[in-house]
$ cat target_3.pdb   # PDB, C-alpha atoms and all ligand atoms
MODEL        1
ATOM      1  CA  MET B   1     -24.208   7.758 -10.526
ATOM      2  CA  LYS B   2     -20.809   8.890  -9.300
ATOM      3  CA  PRO B   3     -17.799   7.066 -10.711
ATOM      4  CA  GLY B   4     -15.753   5.011  -8.293
ATOM      5  CA  TYR B   5     -12.143   5.884  -7.601
ATOM      6  CA  LEU B   6      -9.339   3.600  -6.583
ATOM      7  CA  ILE B   7      -6.675   5.311  -4.503
ATOM      8  CA  THR B   8      -3.709   3.393  -3.162
ATOM      9  CA  LEU B   9      -1.185   4.362  -0.497
ATOM     10  CA  GLU B  10       2.245   2.895  -0.842
ATOM     11  CA  GLY B  11       5.611   3.224   0.799
ATOM     12  CA  PRO B  12       8.068   1.455   3.074
ATOM     13  CA  GLU B  13       7.506   0.236   6.625
ATOM     14  CA  GLY B  14       6.494   2.961   9.036
ATOM     15  CA  ALA B  15       5.977   5.590   6.331
ATOM     16  CA  GLY B  16       2.657   6.499   7.942
ATOM     17  CA  LYS B  17       0.286   4.829   5.470
ATOM     18  CA  SER B  18      -2.209   3.603   8.073
ATOM     19  CA  THR B  19      -2.100   6.928   9.932
ATOM     20  CA  GLN B  20      -2.749   8.905   6.759
ATOM     21  CA  ILE B  21      -5.470   6.576   5.488
ATOM     22  CA  GLY B  22      -7.346   7.035   8.763
ATOM     23  CA  LEU B  23      -7.182  10.823   8.433
ATOM     24  CA  LEU B  24      -8.070  10.760   4.741
ATOM     25  CA  GLU B  25     -11.057   8.489   5.273
ATOM     26  CA  GLU B  26     -12.346  10.741   8.043
ATOM     27  CA  ALA B  27     -11.961  13.882   5.926
ATOM     28  CA  LEU B  28     -13.726  12.328   2.916
ATOM     29  CA  VAL B  29     -16.603  10.927   4.968
ATOM     30  CA  LEU B  30     -17.053  14.374   6.560
ATOM     31  CA  ARG B  31     -17.440  15.771   3.049
ATOM     32  CA  GLY B  32     -20.145  13.231   2.272
ATOM     33  CA  TYR B  33     -18.179  10.720   0.192
ATOM     34  CA  SER B  34     -18.817   7.017   0.454
ATOM     35  CA  VAL B  35     -15.480   5.403   1.268
ATOM     36  CA  LEU B  36     -14.269   1.840   1.474
ATOM     37  CA  ARG B  37     -10.993   1.456   3.328
ATOM     38  CA  SER B  38      -9.014  -1.722   2.844
ATOM     39  CA  TYR B  39      -5.474  -3.068   2.833
ATOM     40  CA  GLU B  40      -3.156  -5.694   1.381
ATOM     41  CA  PRO B  41      -2.286  -8.387   1.959
ATOM     42  CA  GLY B  42      -5.279  -9.534   3.997
ATOM     43  CA  GLY B  43      -8.179  -7.279   3.061
ATOM     44  CA  GLY B  44     -11.134  -8.946   1.428
ATOM     45  CA  ASN B  45     -12.276 -12.039   3.253
ATOM     46  CA  ALA B  46     -11.298 -14.837   5.620
ATOM     47  CA  LEU B  47      -9.146 -16.497   2.956
ATOM     48  CA  THR B  48      -7.039 -13.383   2.336
ATOM     49  CA  LYS B  49      -6.516 -13.024   6.090
ATOM     50  CA  LYS B  50      -5.151 -16.568   6.213
ATOM     51  CA  ILE B  51      -2.827 -15.762   3.309
ATOM     52  CA  ARG B  52      -1.606 -12.682   5.221
ATOM     53  CA  GLU B  53      -0.806 -14.836   8.246
ATOM     54  CA  LEU B  54       1.220 -17.209   6.058
ATOM     55  CA  LEU B  55       3.116 -14.278   4.550
ATOM     56  CA  LEU B  56       3.948 -12.421   7.742
ATOM     57  CA  SER B  57       4.501 -15.233  10.229
ATOM     58  CA  ARG B  58       8.097 -15.517  11.376
ATOM     59  CA  ASP B  59       7.542 -19.293  11.369
ATOM     60  CA  ASN B  60       7.834 -19.066   7.591
ATOM     61  CA  ALA B  61      11.270 -17.455   7.525
ATOM     62  CA  GLY B  62      13.087 -18.762   4.471
ATOM     63  CA  MET B  63       9.977 -18.910   2.261
ATOM     64  CA  CYS B  64      10.965 -18.905  -1.439
ATOM     65  CA  GLU B  65      10.746 -15.457  -3.016
ATOM     66  CA  GLU B  66       8.479 -16.823  -5.719
ATOM     67  CA  THR B  67       6.138 -18.318  -3.107
ATOM     68  CA  GLU B  68       5.938 -14.918  -1.451
ATOM     69  CA  LEU B  69       4.991 -13.353  -4.777
ATOM     70  CA  PHE B  70       2.352 -15.972  -5.610
ATOM     71  CA  LEU B  71       0.762 -15.647  -2.166
ATOM     72  CA  MET B  72       0.645 -11.847  -2.442
ATOM     73  CA  LEU B  73      -0.982 -12.124  -5.843
ATOM     74  CA  ALA B  74      -3.425 -14.815  -4.734
ATOM     75  CA  ALA B  75      -4.621 -12.504  -1.962
ATOM     76  CA  ARG B  76      -4.848  -9.637  -4.480
ATOM     77  CA  VAL B  77      -7.144 -11.499  -6.885
ATOM     78  CA  GLU B  78      -9.533 -12.382  -4.066
ATOM     79  CA  HIS B  79      -9.475  -8.804  -2.797
ATOM     80  CA  VAL B  80     -10.036  -7.190  -6.185
ATOM     81  CA  LYS B  81     -12.793  -9.519  -7.390
ATOM     82  CA  LYS B  82     -14.706  -9.855  -4.133
ATOM     83  CA  LEU B  83     -14.324  -6.404  -2.567
ATOM     84  CA  ILE B  84     -12.696  -3.685  -4.672
ATOM     85  CA  LEU B  85     -14.460  -4.074  -8.027
ATOM     86  CA  PRO B  86     -17.951  -4.337  -6.478
ATOM     87  CA  ALA B  87     -17.269  -1.212  -4.344
ATOM     88  CA  LEU B  88     -16.064   0.723  -7.398
ATOM     89  CA  ARG B  89     -19.197  -0.312  -9.279
ATOM     90  CA  GLU B  90     -21.216   1.200  -6.426
ATOM     91  CA  GLY B  91     -19.380   4.502  -6.933
ATOM     92  CA  LYS B  92     -17.295   4.332  -3.770
ATOM     93  CA  ILE B  93     -13.893   5.833  -3.183
ATOM     94  CA  VAL B  94     -11.764   2.803  -2.387
ATOM     95  CA  ILE B  95      -8.627   3.575  -0.407
ATOM     96  CA  CYS B  96      -6.211   0.688  -0.245
ATOM     97  CA  ASP B  97      -3.197   0.425   2.057
ATOM     98  CA  ARG B  98      -0.573  -1.217  -0.224
ATOM     99  CA  PHE B  99      -1.401  -2.637  -3.655
ATOM    100  CA  ILE B 100       0.393  -3.490  -6.909
ATOM    101  CA  ASP B 101       3.369  -1.215  -6.282
ATOM    102  CA  SER B 102       4.270  -2.994  -3.050
ATOM    103  CA  SER B 103       4.730  -6.201  -5.079
ATOM    104  CA  LEU B 104       7.082  -4.364  -7.437
ATOM    105  CA  ALA B 105       8.986  -2.654  -4.611
ATOM    106  CA  TYR B 106       9.276  -5.632  -2.230
ATOM    107  CA  GLN B 107       9.343  -8.724  -4.435
ATOM    108  CA  GLY B 108      10.906  -6.893  -7.387
ATOM    109  CA  TYR B 109      13.385  -4.280  -6.147
ATOM    110  CA  GLY B 110      13.725  -5.879  -2.691
ATOM    111  CA  ARG B 111      13.898  -9.606  -3.490
ATOM    112  CA  GLY B 112      15.196  -9.259  -7.036
ATOM    113  CA  LEU B 113      12.389 -11.046  -8.912
ATOM    114  CA  PRO B 114      11.853  -9.804 -12.498
ATOM    115  CA  LEU B 115       9.797  -6.595 -12.622
ATOM    116  CA  LYS B 116       8.206  -7.512 -15.951
ATOM    117  CA  ILE B 117       6.797 -10.764 -14.588
ATOM    118  CA  ILE B 118       5.461  -8.977 -11.502
ATOM    119  CA  SER B 119       3.844  -6.273 -13.647
ATOM    120  CA  ASP B 120       2.154  -8.895 -15.818
ATOM    121  CA  MET B 121       0.947 -10.806 -12.763
ATOM    122  CA  ASN B 122      -0.361  -7.565 -11.265
ATOM    123  CA  GLN B 123      -2.281  -6.750 -14.411
ATOM    124  CA  PHE B 124      -3.821 -10.215 -14.439
ATOM    125  CA  ALA B 125      -4.722 -10.029 -10.731
ATOM    126  CA  ILE B 126      -6.408  -6.630 -10.943
ATOM    127  CA  ARG B 127      -8.244  -7.429 -14.223
ATOM    128  CA  GLY B 128      -6.625  -4.343 -15.727
ATOM    129  CA  ARG B 129      -8.290  -1.982 -13.212
ATOM    130  CA  TYR B 130      -5.294   0.155 -12.273
ATOM    131  CA  PRO B 131      -5.479   2.708  -9.447
ATOM    132  CA  ASP B 132      -6.614   6.216 -10.361
ATOM    133  CA  LEU B 133      -4.082   7.653  -7.941
ATOM    134  CA  THR B 134      -1.148   6.145  -6.060
ATOM    135  CA  LEU B 135       0.281   8.153  -3.200
ATOM    136  CA  ILE B 136       3.805   7.076  -2.384
ATOM    137  CA  LEU B 137       4.922   8.052   1.092
ATOM    138  CA  ASP B 138       8.673   8.314   1.216
ATOM    139  CA  VAL B 139      10.596   7.824   4.411
ATOM    140  CA  ASN B 140      14.201   7.074   5.185
ATOM    141  CA  SER B 141      14.493   3.328   6.017
ATOM    142  CA  GLU B 142      16.024   3.872   9.454
ATOM    143  CA  ILE B 143      13.279   6.272  10.531
ATOM    144  CA  GLY B 144      10.553   4.069   9.048
ATOM    145  CA  LEU B 145      11.758   0.899  10.746
ATOM    146  CA  GLU B 146      12.144   2.706  14.046
ATOM    147  CA  ARG B 147       8.531   3.894  13.759
ATOM    148  CA  ALA B 148       7.332   0.394  12.813
ATOM    149  CA  LYS B 149       9.297  -1.191  15.653
ATOM    150  CA  ASN B 150       7.648   1.050  18.234
ATOM    151  CA  LYS B 151       4.258  -0.166  17.063
ATOM    152  CA  ALA B 152       4.649  -3.917  17.731
ATOM    153  CA  GLY B 153       7.100  -6.759  17.119
ATOM    154  CA  LEU B 154       8.561  -6.899  13.623
ATOM    155  CA  ASP B 155       6.938  -9.342  11.182
ATOM    156  CA  ARG B 156       8.773 -11.677   8.754
ATOM    157  CA  ILE B 157       9.228  -8.993   6.097
ATOM    158  CA  GLU B 158       9.952  -6.097   8.464
ATOM    159  CA  MET B 159      12.768  -8.091  10.065
ATOM    160  CA  GLU B 160      14.705  -8.254   6.769
ATOM    161  CA  LYS B 161      18.158  -6.651   6.660
ATOM    162  CA  LEU B 162      18.488  -2.878   6.295
ATOM    163  CA  ASP B 163      19.897  -3.407   2.804
ATOM    164  CA  PHE B 164      16.633  -4.942   1.689
ATOM    165  CA  HIS B 165      14.665  -1.997   3.057
ATOM    166  CA  HIS B 166      16.965   0.448   1.261
ATOM    167  CA  ARG B 167      16.244  -1.338  -2.030
ATOM    168  CA  VAL B 168      12.507  -1.222  -1.328
ATOM    169  CA  ARG B 169      12.634   2.519  -0.684
ATOM    170  CA  GLU B 170      14.635   3.102  -3.861
ATOM    171  CA  GLY B 171      12.091   0.970  -5.728
ATOM    172  CA  PHE B 172       9.203   3.125  -4.565
ATOM    173  CA  LEU B 173      11.124   6.261  -5.565
ATOM    174  CA  GLN B 174      11.686   4.847  -9.059
ATOM    175  CA  LEU B 175       8.051   3.796  -9.396
ATOM    176  CA  SER B 176       6.897   7.274  -8.388
ATOM    177  CA  GLU B 177       8.442   8.591 -11.601
ATOM    178  CA  GLU B 178       6.621   6.186 -13.880
ATOM    179  CA  GLY B 179       3.514   8.185 -14.649
ATOM    180  CA  GLU B 180       0.901  10.783 -13.847
ATOM    181  CA  GLN B 181      -0.988   8.421 -11.553
ATOM    182  CA  TYR B 182       1.849   8.566  -9.006
ATOM    183  CA  TYR B 183       2.215  11.296  -6.414
ATOM    184  CA  LEU B 184       5.301  11.287  -4.220
ATOM    185  CA  ILE B 185       5.081  12.652  -0.698
ATOM    186  CA  ASP B 186       7.835  13.498   1.733
ATOM    187  CA  ALA B 187       6.588  11.527   4.764
ATOM    188  CA  MET B 188       9.355  12.699   7.091
ATOM    189  CA  ARG B 189       7.288  15.718   8.039
ATOM    190  CA  GLU B 190       4.593  16.318  10.587
ATOM    191  CA  VAL B 191       1.418  14.158  10.322
ATOM    192  CA  GLY B 192      -0.967  17.101   9.836
ATOM    193  CA  GLN B 193       1.109  18.676   7.091
ATOM    194  CA  ILE B 194       1.261  15.389   5.154
ATOM    195  CA  HIS B 195      -2.479  14.934   5.579
ATOM    196  CA  LEU B 196      -3.270  18.334   4.062
ATOM    197  CA  GLU B 197      -1.109  17.603   1.045
ATOM    198  CA  ILE B 198      -2.774  14.192   0.537
ATOM    199  CA  LEU B 199      -6.277  15.590   0.963
ATOM    200  CA  GLY B 200      -5.584  18.366  -1.541
ATOM    201  CA  ARG B 201      -4.428  15.854  -4.150
ATOM    202  CA  VAL B 202      -7.364  13.503  -3.559
ATOM    203  CA  LEU B 203      -9.977  16.292  -3.739
ATOM    204  CA  LYS B 204      -8.430  17.317  -7.043
ATOM    205  CA  LEU B 205      -8.897  13.754  -8.312
ATOM    206  CA  VAL B 206     -12.530  13.483  -7.277
ATOM    207  CA  GLY B 207     -13.281  16.885  -8.710
ATOM    208  CA  ALA B 208     -14.162  18.686  -5.483
TER     209      ALA B 208
HETATM  210  N1  LIG E   1       4.685  11.871  10.022
HETATM  211  C1  LIG E   1       4.937  11.148  11.109
HETATM  212  N2  LIG E   1       5.871  11.551  11.988
HETATM  213  C2  LIG E   1       6.162  10.818  13.082
HETATM  214  N3  LIG E   1       5.575   9.625  13.407
HETATM  215  C3  LIG E   1       4.643   9.168  12.555
HETATM  216  C4  LIG E   1       4.286   9.883  11.372
HETATM  217  N4  LIG E   1       3.332   9.166  10.720
HETATM  218  C5  LIG E   1       3.119   8.073  11.465
HETATM  219  N5  LIG E   1       3.889   8.063  12.570
HETATM  220  C6  LIG E   1       3.958   7.022  13.615
HETATM  221  O1  LIG E   1       4.785   5.982  13.087
HETATM  222  C7  LIG E   1       4.249   4.702  13.385
HETATM  223  C8  LIG E   1       3.970   3.970  12.082
HETATM  224  O2  LIG E   1       2.944   4.643  11.376
HETATM  225  P1  LIG E   1       1.893   3.842  10.503
HETATM  226  O3  LIG E   1       1.466   2.611  11.205
HETATM  227  O4  LIG E   1       0.851   4.810  10.058
HETATM  228  O5  LIG E   1       2.835   3.481   9.262
HETATM  229  P2  LIG E   1       2.610   2.408   8.126
HETATM  230  O6  LIG E   1       3.202   2.993   6.914
HETATM  231  O7  LIG E   1       1.167   2.027   8.078
HETATM  232  O8  LIG E   1       3.490   1.221   8.650
HETATM  233  P3  LIG E   1       3.441  -0.342   8.238
HETATM  234  O9  LIG E   1       4.130  -0.439   6.942
HETATM  235  O10 LIG E   1       4.196  -0.990   9.339
HETATM  236  O11 LIG E   1       1.987  -0.717   8.199
HETATM  237  C9  LIG E   1       3.002   4.946  14.231
HETATM  238  O12 LIG E   1       3.360   4.829  15.580
HETATM  239  C10 LIG E   1       2.609   6.371  13.888
HETATM  240  O13 LIG E   1       1.942   7.006  14.943
HETATM  241 MG    MG E   2       0.222   0.205   8.245
ENDMDL
END
$ encode --input "target_3.pdb" --output "structure tokens"
Amino acid sequence: MKPGYLITLEGPEGAGKSTQIGLLEEALVLRGYSVLRSYEPGGGNALTKKIRELLLSRDNAGMCEETELFLMLAARVEHVKKLILPALREGKIVICDRFIDSSLAYQGYGRGLPLKIISDMNQFAIRGRYPDLTLILDVNSEIGLERAKNKAGLDRIEMEKLDFHHRVREGFLQLSEEGEQYYLIDAMREVGQIHLEILGRVLKLVGA
């Protein structure tokens, strides 16, 4: 039986994560791989979707930073135990739009909560099953927010001040240097070019 792989896509608002995941999924399925595509916060089940609504609703402006972190992590546990781990056991390639590094970048670098606590909470939430590969899409905050804005109205986190988004971007850049499992991508290029780079790295991981 083929081993499962956990691949996460990370990066600031409007970096092109959803766009690239769509293209990656299509390319892998064409090559015969069994893929599960998911996202955080919200992927998993009805409960995680409700947690996502709480997190992103502008009605909850002013939520405590710690509450934001706990809600993100609550959704993560549900997602990992109910969806991701079973899919990995079945040998699937799981591609997840945002995961543990978004908690570090947003609640850690962005909100200023202690990185060590977030890392420990992440480890607990994912039962120690770290991603095999984390693709970090880097985009300048102004360009990213402009892209995100064109898509729909801004959610509670997207509407944060530019300063916050600069810290988040810097956080992702720092994280990308923390180990072999990270792969940093310049996402200010053309969609097709980024896709080819991502696909090349993923095929290397899965041994194609
Ligand atoms: N490389 C690119 N160049 C120009 N526009 C892009 C590029 N990649 C994506 N876009 C466009 O930018 C917008 C945001 O892209 P997308 O939704 O994929 O980003 P995201 O990282 O998933 O954003 P979010 O964090 O808001 O979920 C979309 O309208 C998309 O078509
Ligand atoms: Mg997206």
$ closest_residue --input "target_3.pdb" --among "B:Leu196, B:Ala148, B:Val77, B:Val35" --to "ligand LIG 1 (chain E)" --atoms "all atoms listed in the file"
B:Ala148
$ resolve_selection --input "target_3.pdb" --expression "the PyMOL selection byres (((not hetatm)) within 6 of (chain E and resi 1))" --output "PyMOL selection string"
chain B and resi 12-19+147-148+151+187-191
$ residues_around --input "target_3.pdb" --residues "B:Leu55" --least-positions-apart "6" --cutoff "12 Å" --atoms "all atoms listed in the file" --output "number ranges by chain"
B: 40-42, 48-49, 61-75, 155-158
$ resolve_selection --input "target_3.pdb" --expression "the PyMOL selection byres (((chain B and resi 95) around 6) and not hetatm)" --output "list in words"
Ile7, Thr8, Arg37, Val94 and Cys96 of chain B
$ atom_distance --input "target_3.pdb" --atom1 "atom CA of B:Asp163" --atom2 "atom CA of B:Gln181"
28.0 Å
$ atom_distance --input "target_3.pdb" --atom1 "atom CA of B:Glu78" --atom2 "atom CA of B:Arg127"
11.4 Å
$ closest_residue --input "target_3.pdb" --among "B:Gly11, B:Pro86, B:Gly32, B:Gly22" --to "B:Ile100" --atoms "all atoms listed in the file"
B:Gly11
$ residues_around --input "target_3.pdb" --residues "B:Leu104" --least-positions-apart "6" --cutoff "12 Å" --atoms "all atoms listed in the file" --output "MDAnalysis selection string"
chainID B and resid 10:11 69 72:73 98 110:123 167:176
$ closest_residue --input "target_3.pdb" --among "B:Leu24, B:Leu9, B:Ile136, B:Leu56" --to "B:Tyr39" --atoms "all atoms listed in the file"
B:Leu9
$ closest_residue --input "target_3.pdb" --among "B:Ala87, B:Tyr33, B:Gly108, B:Ile21" --to "ligand MG 2 (chain E)" --atoms "all atoms listed in the file"
B:Ile21
$ atom_distance --input "target_3.pdb" --atom1 "atom CA of B:Ser34" --atom2 "atom CA of B:Lys92"
5.2 Å
$ resolve_selection --input "target_3.pdb" --expression "the PyMOL selection byres (((chain B and resi 183) around 10) and not hetatm)" --output "number ranges by chain"
B: 9, 133-137, 175-177, 179-182, 184-185, 198, 201
$ write_last_selection --input "target_3.pdb" --atoms "C-alpha atoms" --output "PDB file, keeping the file's coordinate frame"
ATOM      1  CA  LEU B   9      -1.185   4.362  -0.497  1.00  0.00           C
ATOM      2  CA  LEU B 133      -4.082   7.653  -7.941  1.00  0.00           C
ATOM      3  CA  THR B 134      -1.148   6.145  -6.060  1.00  0.00           C
ATOM      4  CA  LEU B 135       0.281   8.153  -3.200  1.00  0.00           C
ATOM      5  CA  ILE B 136       3.805   7.076  -2.384  1.00  0.00           C
ATOM      6  CA  LEU B 137       4.922   8.052   1.092  1.00  0.00           C
ATOM      7  CA  LEU B 175       8.051   3.796  -9.396  1.00  0.00           C
ATOM      8  CA  SER B 176       6.897   7.274  -8.388  1.00  0.00           C
ATOM      9  CA  GLU B 177       8.442   8.591 -11.601  1.00  0.00           C
ATOM     10  CA  GLY B 179       3.514   8.185 -14.649  1.00  0.00           C
ATOM     11  CA  GLU B 180       0.901  10.783 -13.847  1.00  0.00           C
ATOM     12  CA  GLN B 181      -0.988   8.421 -11.553  1.00  0.00           C
ATOM     13  CA  TYR B 182       1.849   8.566  -9.006  1.00  0.00           C
ATOM     14  CA  LEU B 184       5.301  11.287  -4.220  1.00  0.00           C
ATOM     15  CA  ILE B 185       5.081  12.652  -0.698  1.00  0.00           C
ATOM     16  CA  ILE B 198      -2.774  14.192   0.537  1.00  0.00           C
ATOM     17  CA  ARG B 201      -4.428  15.854  -4.150  1.00  0.00           C
TER      18      ARG B 201
END
$ residues_around --input "target_3.pdb" --residues "B:Leu85" --least-positions-apart "4" --cutoff "12 Å" --atoms "all atoms listed in the file" --output "ChimeraX atom specification"
/B:3-6,36,44,76-81,89-94,125-131
$ write_last_selection --input "target_3.pdb" --atoms "C-alpha atoms" --output "compact mmCIF listing (two decimals), in the frame of the given file"
# COMPACT_ATOMS: atom_id res chain seq x y z
CA PRO B 3 -17.80 7.07 -10.71
CA GLY B 4 -15.75 5.01 -8.29
CA TYR B 5 -12.14 5.88 -7.60
CA LEU B 6 -9.34 3.60 -6.58
CA LEU B 36 -14.27 1.84 1.47
CA GLY B 44 -11.13 -8.95 1.43
CA ARG B 76 -4.85 -9.64 -4.48
CA VAL B 77 -7.14 -11.50 -6.88
CA GLU B 78 -9.53 -12.38 -4.07
CA HIS B 79 -9.48 -8.80 -2.80
CA VAL B 80 -10.04 -7.19 -6.18
CA LYS B 81 -12.79 -9.52 -7.39
CA ARG B 89 -19.20 -0.31 -9.28
CA GLU B 90 -21.22 1.20 -6.43
CA GLY B 91 -19.38 4.50 -6.93
CA LYS B 92 -17.30 4.33 -3.77
CA ILE B 93 -13.89 5.83 -3.18
CA VAL B 94 -11.76 2.80 -2.39
CA ALA B 125 -4.72 -10.03 -10.73
CA ILE B 126 -6.41 -6.63 -10.94
CA ARG B 127 -8.24 -7.43 -14.22
CA GLY B 128 -6.62 -4.34 -15.73
CA ARG B 129 -8.29 -1.98 -13.21
CA TYR B 130 -5.29 0.16 -12.27
CA PRO B 131 -5.48 2.71 -9.45
$ closest_residue --input "target_3.pdb" --among "B:Leu145, B:Leu162, B:Ala208, B:Val202" --to "ligand MG 2 (chain E)" --atoms "all atoms listed in the file"
B:Leu145
$ closest_residue --input "target_3.pdb" --among "B:Glu197, B:Asp59, B:Glu53, B:Asp97" --to "ligand MG 2 (chain E)" --atoms "only C-alpha atoms and all ligand atoms"
B:Asp97
